[in-house]
Structures are given as structure tokens and as C-alpha cells.
file query.tsv (TSV, C-alpha atoms)
chain	number	residue	atom	x	y	z
A	1	SER	CA	41.48	-16.55	9.32
A	2	ALA	CA	39.24	-13.49	9.36
A	3	LYS	CA	36.71	-15.49	11.38
A	4	ALA	CA	39.27	-16.24	14.08
A	5	VAL	CA	40.31	-12.59	14.29
A	6	VAL	CA	36.73	-11.36	14.65
A	7	GLU	CA	35.98	-13.98	17.31
A	8	ALA	CA	39.10	-13.01	19.26
A	9	CYS	CA	38.54	-9.24	19.16
A	10	GLY	CA	35.85	-6.97	20.48
A	11	VAL	CA	36.43	-4.57	17.59
A	12	THR	CA	37.84	-5.60	14.21
A	13	TYR	CA	38.98	-3.09	11.60
A	14	SER	CA	38.91	-4.08	7.94
A	15	VAL	CA	40.23	-2.21	4.91
A	16	LEU	CA	40.41	-3.99	1.55
A	17	SER	CA	41.14	-2.64	-1.90
A	18	THR	CA	38.04	-3.43	-3.97
A	19	PRO	CA	34.38	-4.43	-3.56
A	20	GLU	CA	35.30	-7.89	-4.87
A	21	ALA	CA	38.05	-8.36	-2.28
A	22	ALA	CA	35.83	-7.08	0.52
A	23	LYS	CA	33.01	-9.43	-0.44
A	24	ALA	CA	35.34	-12.43	-0.67
A	25	VAL	CA	36.77	-11.89	2.81
A	26	PHE	CA	33.43	-10.97	4.36
A	27	ASP	CA	31.42	-13.89	2.92
A	28	ALA	CA	34.02	-16.68	3.06
A	29	ALA	CA	33.26	-19.74	5.20
A	30	ASP	CA	36.04	-18.58	7.54
A	31	GLY	CA	35.45	-14.89	6.83
A	32	VAL	CA	34.35	-11.84	8.75
A	33	LEU	CA	30.64	-12.62	8.90
A	34	ALA	CA	31.30	-16.15	10.14
A	35	GLY	CA	32.93	-14.69	13.24
A	36	ALA	CA	30.41	-11.91	13.84
A	37	GLY	CA	27.97	-12.09	16.72
A	38	GLU	CA	26.98	-10.70	20.06
A	39	GLY	CA	29.76	-8.57	21.56
A	40	ARG	CA	31.61	-8.29	18.24
A	41	SER	CA	31.96	-5.06	16.27
A	42	ILE	CA	33.14	-4.51	12.70
A	43	VAL	CA	34.62	-1.24	11.46
A	44	ASP	CA	35.04	-1.29	7.68
A	45	CYS	CA	37.40	1.37	6.33
A	46	ALA	CA	37.34	0.46	2.63
A	47	THR	CA	35.96	2.56	-0.22
A	48	LEU	CA	33.09	0.50	-1.61
A	49	ALA	CA	29.64	1.12	-3.06
A	50	GLU	CA	26.89	2.18	-0.67
A	51	ALA	CA	25.08	-1.11	-1.29
A	52	ASP	CA	28.17	-3.08	-0.24
A	53	MET	CA	28.39	-1.30	3.11
A	54	GLN	CA	24.66	-1.58	3.70
A	55	ARG	CA	24.66	-5.31	2.96
A	56	MET	CA	27.51	-5.94	5.41
A	57	ASN	CA	25.86	-3.83	8.07
A	58	GLU	CA	22.58	-5.75	7.79
A	59	ALA	CA	24.37	-9.10	7.92
A	60	VAL	CA	26.44	-8.21	10.98
A	61	VAL	CA	23.50	-6.68	12.86
A	62	ALA	CA	21.34	-9.74	12.03
A	63	LYS	CA	23.89	-11.87	13.92
A	64	GLY	CA	23.81	-9.58	16.95
A	65	GLY	CA	26.95	-7.60	16.16
A	66	ARG	CA	27.57	-3.91	15.56
A	67	PHE	CA	28.82	-2.22	12.38
A	68	LEU	CA	30.42	1.11	11.53
A	69	GLU	CA	31.45	2.20	8.06
A	70	ALA	CA	34.56	4.35	8.25
A	71	PRO	CA	36.17	4.81	4.82
A	72	VAL	CA	39.46	6.65	5.09
A	73	SER	CA	40.65	9.69	3.20
A	74	GLY	CA	44.43	9.40	2.79
A	75	SER	CA	46.94	7.03	1.25
A	76	LYS	CA	50.29	5.47	2.24
A	77	GLY	CA	51.84	8.61	3.70
A	78	PRO	CA	48.95	9.56	6.01
A	79	ALA	CA	48.52	5.92	7.01
A	80	ALA	CA	52.17	5.71	8.05
A	81	THR	CA	52.04	8.98	9.99
A	82	GLY	CA	48.64	8.45	11.60
A	83	THR	CA	47.00	11.36	9.79
A	84	LEU	CA	44.12	9.65	8.00
A	85	ILE	CA	40.61	11.11	7.98
A	86	PHE	CA	37.74	8.75	8.86
A	87	LEU	CA	34.31	9.36	7.31
A	88	CYS	CA	31.92	7.36	9.46
A	89	ALA	CA	28.26	6.32	9.64
A	90	GLY	CA	26.32	3.62	11.41
A	91	ASN	CA	26.38	2.68	15.07
A	92	LYS	CA	26.99	5.91	17.03
A	93	ALA	CA	27.78	4.13	20.28
A	94	LEU	CA	30.50	2.16	18.51
A	95	PHE	CA	31.86	5.35	16.94
A	96	ASP	CA	32.09	6.97	20.37
A	97	GLU	CA	33.77	3.90	21.89
A	98	ILE	CA	36.57	3.72	19.32
A	99	THR	CA	37.53	7.39	19.38
A	100	ALA	CA	40.96	6.56	20.80
A	101	GLY	CA	41.59	3.95	18.11
A	102	LEU	CA	40.57	6.27	15.32
A	103	SER	CA	42.70	9.05	16.81
A	104	ALA	CA	45.72	6.75	16.86
A	105	MET	CA	45.38	6.22	13.11
A	106	GLY	CA	44.00	9.56	11.98
A	107	LYS	CA	43.94	13.29	12.51
A	108	ALA	CA	40.15	13.60	12.23
A	109	SER	CA	36.98	11.52	12.41
A	110	HIS	CA	33.59	12.66	11.14
A	111	PHE	CA	30.23	11.05	11.90
A	112	PHE	CA	27.61	11.46	9.16
A	113	GLY	CA	24.71	9.81	10.95
A	114	ASN	CA	23.18	6.44	11.75
A	115	GLU	CA	22.43	5.53	8.12
A	116	VAL	CA	25.15	3.29	6.75
A	117	GLY	CA	26.07	4.57	3.30
A	118	ALA	CA	26.52	8.22	4.26
A	119	GLY	CA	30.21	7.72	5.01
A	120	THR	CA	30.70	6.09	1.62
A	121	ARG	CA	28.89	8.95	-0.10
A	122	ALA	CA	31.22	11.42	1.59
A	123	LYS	CA	34.28	9.43	0.55
A	124	LEU	CA	33.17	9.23	-3.08
A	125	VAL	CA	32.64	12.99	-3.17
A	126	VAL	CA	36.20	13.49	-1.87
A	127	ASN	CA	37.83	10.99	-4.22
A	128	SER	CA	35.93	12.10	-7.29
A	129	LEU	CA	36.98	15.68	-6.65
A	130	MET	CA	40.58	14.57	-6.09
A	131	GLY	CA	40.67	12.66	-9.38
A	132	THR	CA	39.08	15.56	-11.27
A	133	MET	CA	41.62	17.97	-9.80
A	134	LEU	CA	44.53	15.74	-10.81
A	135	ALA	CA	43.17	15.26	-14.32
A	136	ALA	CA	42.89	19.03	-14.76
A	137	PHE	CA	46.36	19.53	-13.26
A	138	SER	CA	47.82	16.99	-15.68
A	139	GLU	CA	46.25	18.75	-18.64
A	140	GLY	CA	47.49	22.11	-17.37
A	141	LEU	CA	51.08	20.93	-16.98
A	142	ASN	CA	51.02	19.26	-20.37
A	143	LEU	CA	49.64	22.44	-21.96
A	144	ALA	CA	52.34	24.53	-20.28
A	145	GLU	CA	55.09	22.32	-21.68
A	146	SER	CA	53.44	22.17	-25.10
A	147	VAL	CA	53.46	25.97	-25.47
A	148	GLY	CA	57.06	26.34	-24.38
A	149	LEU	CA	56.67	27.18	-20.71
A	150	ASP	CA	58.86	25.72	-17.98
A	151	ALA	CA	56.59	23.29	-16.18
A	152	SER	CA	58.59	23.42	-12.93
A	153	THR	CA	58.12	27.18	-12.81
A	154	MET	CA	54.40	26.70	-13.48
A	155	VAL	CA	54.14	24.29	-10.54
A	156	GLU	CA	55.71	27.03	-8.41
A	157	VAL	CA	53.31	29.65	-9.78
A	158	ILE	CA	50.30	27.42	-9.10
A	159	GLY	CA	51.51	26.90	-5.54
A	160	GLN	CA	51.66	30.64	-4.91
A	161	GLY	CA	48.11	31.52	-5.93
A	162	ALA	CA	44.51	30.89	-4.96
A	163	ILE	CA	44.51	27.49	-6.68
A	164	ALA	CA	47.36	26.18	-4.52
A	165	SER	CA	46.76	22.64	-3.29
A	166	PRO	CA	48.84	20.29	-1.13
A	167	MET	CA	48.20	17.62	-3.75
A	168	TYR	CA	49.56	19.81	-6.55
A	169	GLY	CA	52.61	20.67	-4.46
A	170	LEU	CA	53.27	16.99	-3.80
A	171	LYS	CA	52.40	15.52	-7.19
A	172	GLY	CA	53.72	18.27	-9.48
A	173	PRO	CA	57.46	17.67	-9.05
A	174	LYS	CA	56.96	13.90	-9.12
A	175	ILE	CA	54.94	14.06	-12.33
A	176	LEU	CA	57.63	16.14	-14.03
A	177	ALA	CA	60.31	13.73	-12.80
A	178	GLY	CA	58.35	10.76	-14.14
A	179	ASP	CA	57.99	9.37	-10.61
A	180	HIS	CA	54.69	7.52	-10.37
A	181	ALA	CA	55.57	5.11	-7.55
A	182	PRO	CA	52.18	4.12	-6.16
A	183	ASN	CA	50.77	5.79	-3.08
A	184	PHE	CA	47.22	5.57	-4.43
A	185	PRO	CA	47.13	3.22	-7.45
A	186	LEU	CA	45.46	4.56	-10.56
A	187	LYS	CA	43.20	1.51	-10.80
A	188	HIS	CA	41.72	2.32	-7.38
A	189	SER	CA	41.22	5.98	-8.24
A	190	SER	CA	39.43	4.86	-11.41
A	191	LYS	CA	37.23	2.53	-9.37
A	192	ASP	CA	36.24	5.31	-6.96
A	193	MET	CA	35.47	7.78	-9.74
A	194	THR	CA	33.29	5.19	-11.49
A	195	LEU	CA	31.38	4.62	-8.24
A	196	ALA	CA	30.98	8.38	-7.80
A	197	SER	CA	29.66	8.77	-11.35
A	198	ALA	CA	27.09	6.07	-10.67
A	199	MET	CA	26.10	7.78	-7.42
A	200	ALA	CA	25.65	11.11	-9.22
A	201	LYS	CA	23.57	9.50	-11.96
A	202	LYS	CA	21.32	7.90	-9.35
A	203	ALA	CA	20.95	11.26	-7.59
A	204	GLY	CA	20.08	12.93	-10.90
A	205	VAL	CA	22.69	15.69	-10.60
A	206	GLU	CA	25.03	17.43	-13.03
A	207	PHE	CA	28.43	15.71	-12.91
A	208	THR	CA	29.86	16.27	-16.38
A	209	VAL	CA	33.33	17.42	-15.33
A	210	ASN	CA	33.86	14.38	-13.10
A	211	ASP	CA	32.44	12.07	-15.76
A	212	GLN	CA	34.99	13.34	-18.27
A	213	ALA	CA	37.80	12.82	-15.75
A	214	GLU	CA	36.43	9.37	-14.91
A	215	ALA	CA	36.59	8.42	-18.59
A	216	LEU	CA	40.21	9.64	-18.75
A	217	PHE	CA	41.22	7.54	-15.74
A	218	ARG	CA	39.37	4.50	-17.07
A	219	LYS	CA	41.10	4.83	-20.42
A	220	ALA	CA	44.49	5.11	-18.71
A	221	LYS	CA	43.76	2.03	-16.60
A	222	GLU	CA	42.81	0.00	-19.65
A	223	ASP	CA	45.69	1.15	-21.88
A	224	SER	CA	47.91	-1.94	-22.18
A	225	GLU	CA	50.65	0.05	-23.90
A	226	LEU	CA	50.98	2.52	-21.05
A	227	ASN	CA	50.50	-0.18	-18.39
A	228	VAL	CA	49.87	2.31	-15.58
A	229	ALA	CA	46.99	0.67	-13.68
A	230	ASP	CA	49.26	-0.22	-10.75
A	231	GLU	CA	51.19	3.05	-10.80
A	232	ASP	CA	50.16	6.09	-8.80
A	233	PHE	CA	47.05	7.87	-10.03
A	234	SER	CA	49.33	10.72	-11.10
A	235	ALA	CA	50.25	8.47	-14.05
A	236	VAL	CA	47.08	9.70	-15.74
A	237	TYR	CA	49.52	12.39	-16.94
A	238	LYS	CA	51.04	9.78	-19.26
A	239	LEU	CA	47.71	9.32	-21.01
A	240	VAL	CA	47.30	13.09	-21.35
A	241	GLN	CA	50.70	13.21	-23.02
A	242	LYS	CA	49.88	10.28	-25.27
A	243	GLU	CA	46.52	11.71	-26.33
A	244	SER	CA	48.14	15.10	-27.02
A	245	ALA	CA	50.88	13.55	-29.16
A	246	GLY	CA	48.21	11.85	-31.24
A	247	LYS	CA	46.60	15.21	-32.05
A	248	LYS	CA	49.77	16.87	-33.36
call {"tool": "encode", "arguments": {"input": "query.tsv", "output": "C-alpha cells"}}
result
Amino acid sequence: SAKAVVEACGVTYSVLSTPEAAKAVFDAADGVLAGAGEGRSIVDCATLAEADMQRMNEAVVAKGGRFLEAPVSGSKGPAATGTLIFLCAGNKALFDEITAGLSAMGKASHFFGNEVGAGTRAKLVVNSLMGTMLAAFSEGLNLAESVGLDASTMVEVIGQGAIASPMYGLKGPKILAGDHAPNFPLKHSSKDMTLASAMAKKAGVEFTVNDQAEALFRKAKEDSELNVADEDFSAVYKLVQKESAGKK
């Protein structure tokens, strides 16, 4: 059980897919909180809402434990190669103590301060930008094909200019080959973009471009005909194609 793991370890890392999953494992009778206490530290690496991280931090600290939020930037590939990026906030002493552990799993670790929630805010900025970039890329590739251009050549052109991006270089050929094997499932990208939109609304800032991309991802996730929620987030391209076909 999660409780047994936390009780047996000085530091426990947790990374779960959704706020619902994180809450279930944290709050269960034999869950994370049940095992927390003096001499026990929790490092949560999931992408959740700020309020979720803050609630877990308060609960762990109330039982005498320590808490660090450390959402990761990176998917299956970086996880396998130990090149994740950790975006951390919370207990600074704990952050300093686990430097070796974070370095074993990632290529960089950033500390955003003692206030739990700052790491989550950083992660939502990153993931909302990533989703917006991929939505725009999908529309660009679809436009290129629709006006008679060779999309593979356009991927090459994009990679040679100022807008070159490692993500475009990786996803472009796969999109054109119809390969949407999940590295970062579309449903999780949609979840993160929705959280980012809510964060922007609360902050009272302009976020129109992301909000449009968020709506596109949400529509793709909910499209039962396409059935792409569990495919890679690059499968948003399928919705772009479908929406374009409907306008012709």
C-alpha cells in the first residue's frame, strides 16, 4: 500500500495522472497521508491544480512531515533517459537533500520558492504553451497540405528557420505518418490546458490564444468518432483535419 511505502521510506516520490487519481491515493485509508509523519517526506511530481498541491502540503506538514511539489516537464522519452525537468516549490531543505535523486531522474531542477503552488504554476505555463504550439503546428501542416504543398518539405523548412522547435522536429514526421502512439496522452494535455486557462482567468490576464487551443484539445478529447483521448496529444491534428473537411 501507499501507506506502507511512505512508512518504510524517508523520502517518497509520487506521480499520478490526474487530480482525481492523486486524491484517491493520497486520502485512502492506506494511502500516502496515512503513512506521513515525523521523519517522512513526500515529493509529488504530478501536474495538478495549485489547490491540490497546497492541500496535500498542509496535510503532510500537519502530521509532522515535509512536502515538496516537483511537477516534471517531460514525457516517456525523457523519463526513460533521465532527462526530465523538475519544477519545485515548498520545503527548501528537502529540495537540497534530494538533489542527487532529482539528478538521477532529470537533467535540471528549478526551485521557485517556499510557497507550494509556484511549481505547479510554472508547469501549467509550460504545458499550456506546448499545447498551443502543437495546435498551431497542426493547423499549419494541414494548411500546407490543403494548398498543395508537400508537408514533409514544410516540416524541413520549419526546422531550418527561427521557429524551429525540438517538438516540431519530433512530432512532424510522426503526425504525417499517422503515428500517434502515446508519449503524452491527449486527455492529459487537455487537462493541463484547462487548468492553465483557469489559472489565467483567476490572474485576470489575456490568454485568448491558449483558450482557443484548449477548446480544440477538449473537443478532440470528447469526439467519440475520432476516439483520440488516449492517443498522443499530436492526435489533435486529426480534429484539425476533420474540422477542415467539414468546411469544404
call {"tool": "residues_around", "arguments": {"input": "query.tsv", "residues": "range 170-173 of chain A", "least_positions_apart": "4", "cutoff": "9 Å", "atoms": "only C-alpha atoms", "output": "list in words"}}
result
Leu134, Phe137, Ser138, Leu141, Ala151, Ser152, Val155, Ser165, Pro166, Ala177, Gly178, Asp179, His180 and Ser234 of chain A
call {"tool": "atom_distance", "arguments": {"input": "query.tsv", "atom1": "CA of Val43 in chain A", "atom2": "CA of Leu68 in chain A"}}
result
4.8 Å
call {"tool": "closest_residue", "arguments": {"input": "query.tsv", "among": "A:Asp211, A:Glu38, A:Glu222, A:Asp30", "to": "Cys9 in chain A", "atoms": "all atoms listed in the file"}}
result
A:Glu38
call {"tool": "residues_around", "arguments": {"input": "query.tsv", "residues": "Lys187 in chain A", "least_positions_apart": "3", "cutoff": "12 Å", "atoms": "all atoms listed in the file", "output": "ChimeraX atom specification"}}
result
/A:17-18,131,182-184,190-194,214,216-223,227-236
call {"tool": "atom_distance", "arguments": {"input": "query.tsv", "atom1": "CA of Ala196 in chain A", "atom2": "CA of Glu58 in chain A"}}
result
22.7 Å
call {"tool": "decode", "arguments": {"input": "query.tsv", "residues": "range 166-231 of chain A", "atoms": "C-alpha atoms", "output": "CSV table (one decimal), in the first residue's frame"}}
result
chain,number,residue,atom,x,y,z
A,166,PRO,CA,12.6,20.1,-31.0
A,167,MET,CA,8.9,19.3,-30.6
A,168,TYR,CA,8.1,20.1,-34.2
A,169,GLY,CA,11.1,18.1,-35.4
A,170,LEU,CA,9.9,15.1,-33.3
A,171,LYS,CA,6.2,15.3,-33.9
A,172,GLY,CA,6.1,16.5,-37.5
A,173,PRO,CA,7.2,13.3,-39.2
A,174,LYS,CA,5.0,11.2,-36.8
A,175,ILE,CA,1.9,13.3,-37.5
A,176,LEU,CA,2.4,12.9,-41.3
A,177,ALA,CA,2.9,9.2,-40.8
A,178,GLY,CA,-0.3,8.9,-38.7
A,179,ASP,CA,1.7,7.7,-35.8
A,180,HIS,CA,0.1,8.9,-32.6
A,181,ALA,CA,1.4,6.3,-30.2
A,182,PRO,CA,1.1,7.9,-26.8
A,183,ASN,CA,4.0,9.6,-25.1
A,184,PHE,CA,1.8,12.3,-23.6
A,185,PRO,CA,-1.8,11.3,-23.9
A,186,LEU,CA,-4.1,13.9,-25.4
A,187,LYS,CA,-6.5,13.7,-22.5
A,188,HIS,CA,-3.7,14.7,-20.1
A,189,SER,CA,-2.7,17.6,-22.3
A,190,SER,CA,-6.3,18.7,-22.4
A,191,LYS,CA,-6.5,18.5,-18.6
A,192,ASP,CA,-3.4,20.7,-18.2
A,193,MET,CA,-4.5,23.3,-20.7
A,194,THR,CA,-7.9,23.5,-18.9
A,195,LEU,CA,-6.1,24.1,-15.6
A,196,ALA,CA,-3.9,26.7,-17.2
A,197,SER,CA,-6.9,28.5,-18.6
A,198,ALA,CA,-8.5,28.6,-15.1
A,199,MET,CA,-5.2,29.9,-13.7
A,200,ALA,CA,-5.1,32.7,-16.2
A,201,LYS,CA,-8.7,33.6,-15.6
A,202,LYS,CA,-8.0,33.9,-11.9
A,203,ALA,CA,-5.0,36.0,-12.6
A,204,GLY,CA,-7.0,38.3,-14.8
A,205,VAL,CA,-4.7,38.1,-17.8
A,206,GLU,CA,-5.1,37.9,-21.6
A,207,PHE,CA,-4.9,34.2,-22.6
A,208,THR,CA,-7.1,34.1,-25.7
A,209,VAL,CA,-4.7,32.1,-27.9
A,210,ASN,CA,-4.3,29.3,-25.3
A,211,ASP,CA,-8.0,29.3,-24.6
A,212,GLN,CA,-8.7,28.7,-28.3
A,213,ALA,CA,-6.2,25.8,-28.3
A,214,GLU,CA,-7.6,24.5,-25.0
A,215,ALA,CA,-11.1,24.3,-26.7
A,216,LEU,CA,-9.6,22.5,-29.7
A,217,PHE,CA,-8.0,19.8,-27.4
A,218,ARG,CA,-11.1,19.5,-25.3
A,219,LYS,CA,-13.2,18.9,-28.5
A,220,ALA,CA,-10.7,16.3,-29.7
A,221,LYS,CA,-10.8,14.5,-26.4
A,222,GLU,CA,-14.6,14.4,-26.4
A,223,ASP,CA,-15.0,13.4,-30.0
A,224,SER,CA,-16.2,9.8,-29.8
A,225,GLU,CA,-15.9,9.3,-33.5
A,226,LEU,CA,-12.2,10.2,-33.5
A,227,ASN,CA,-11.5,8.4,-30.2
A,228,VAL,CA,-8.2,10.0,-29.7
A,229,ALA,CA,-8.3,10.8,-25.9
A,230,ASP,CA,-5.7,8.0,-25.2
A,231,GLU,CA,-3.5,8.7,-28.2
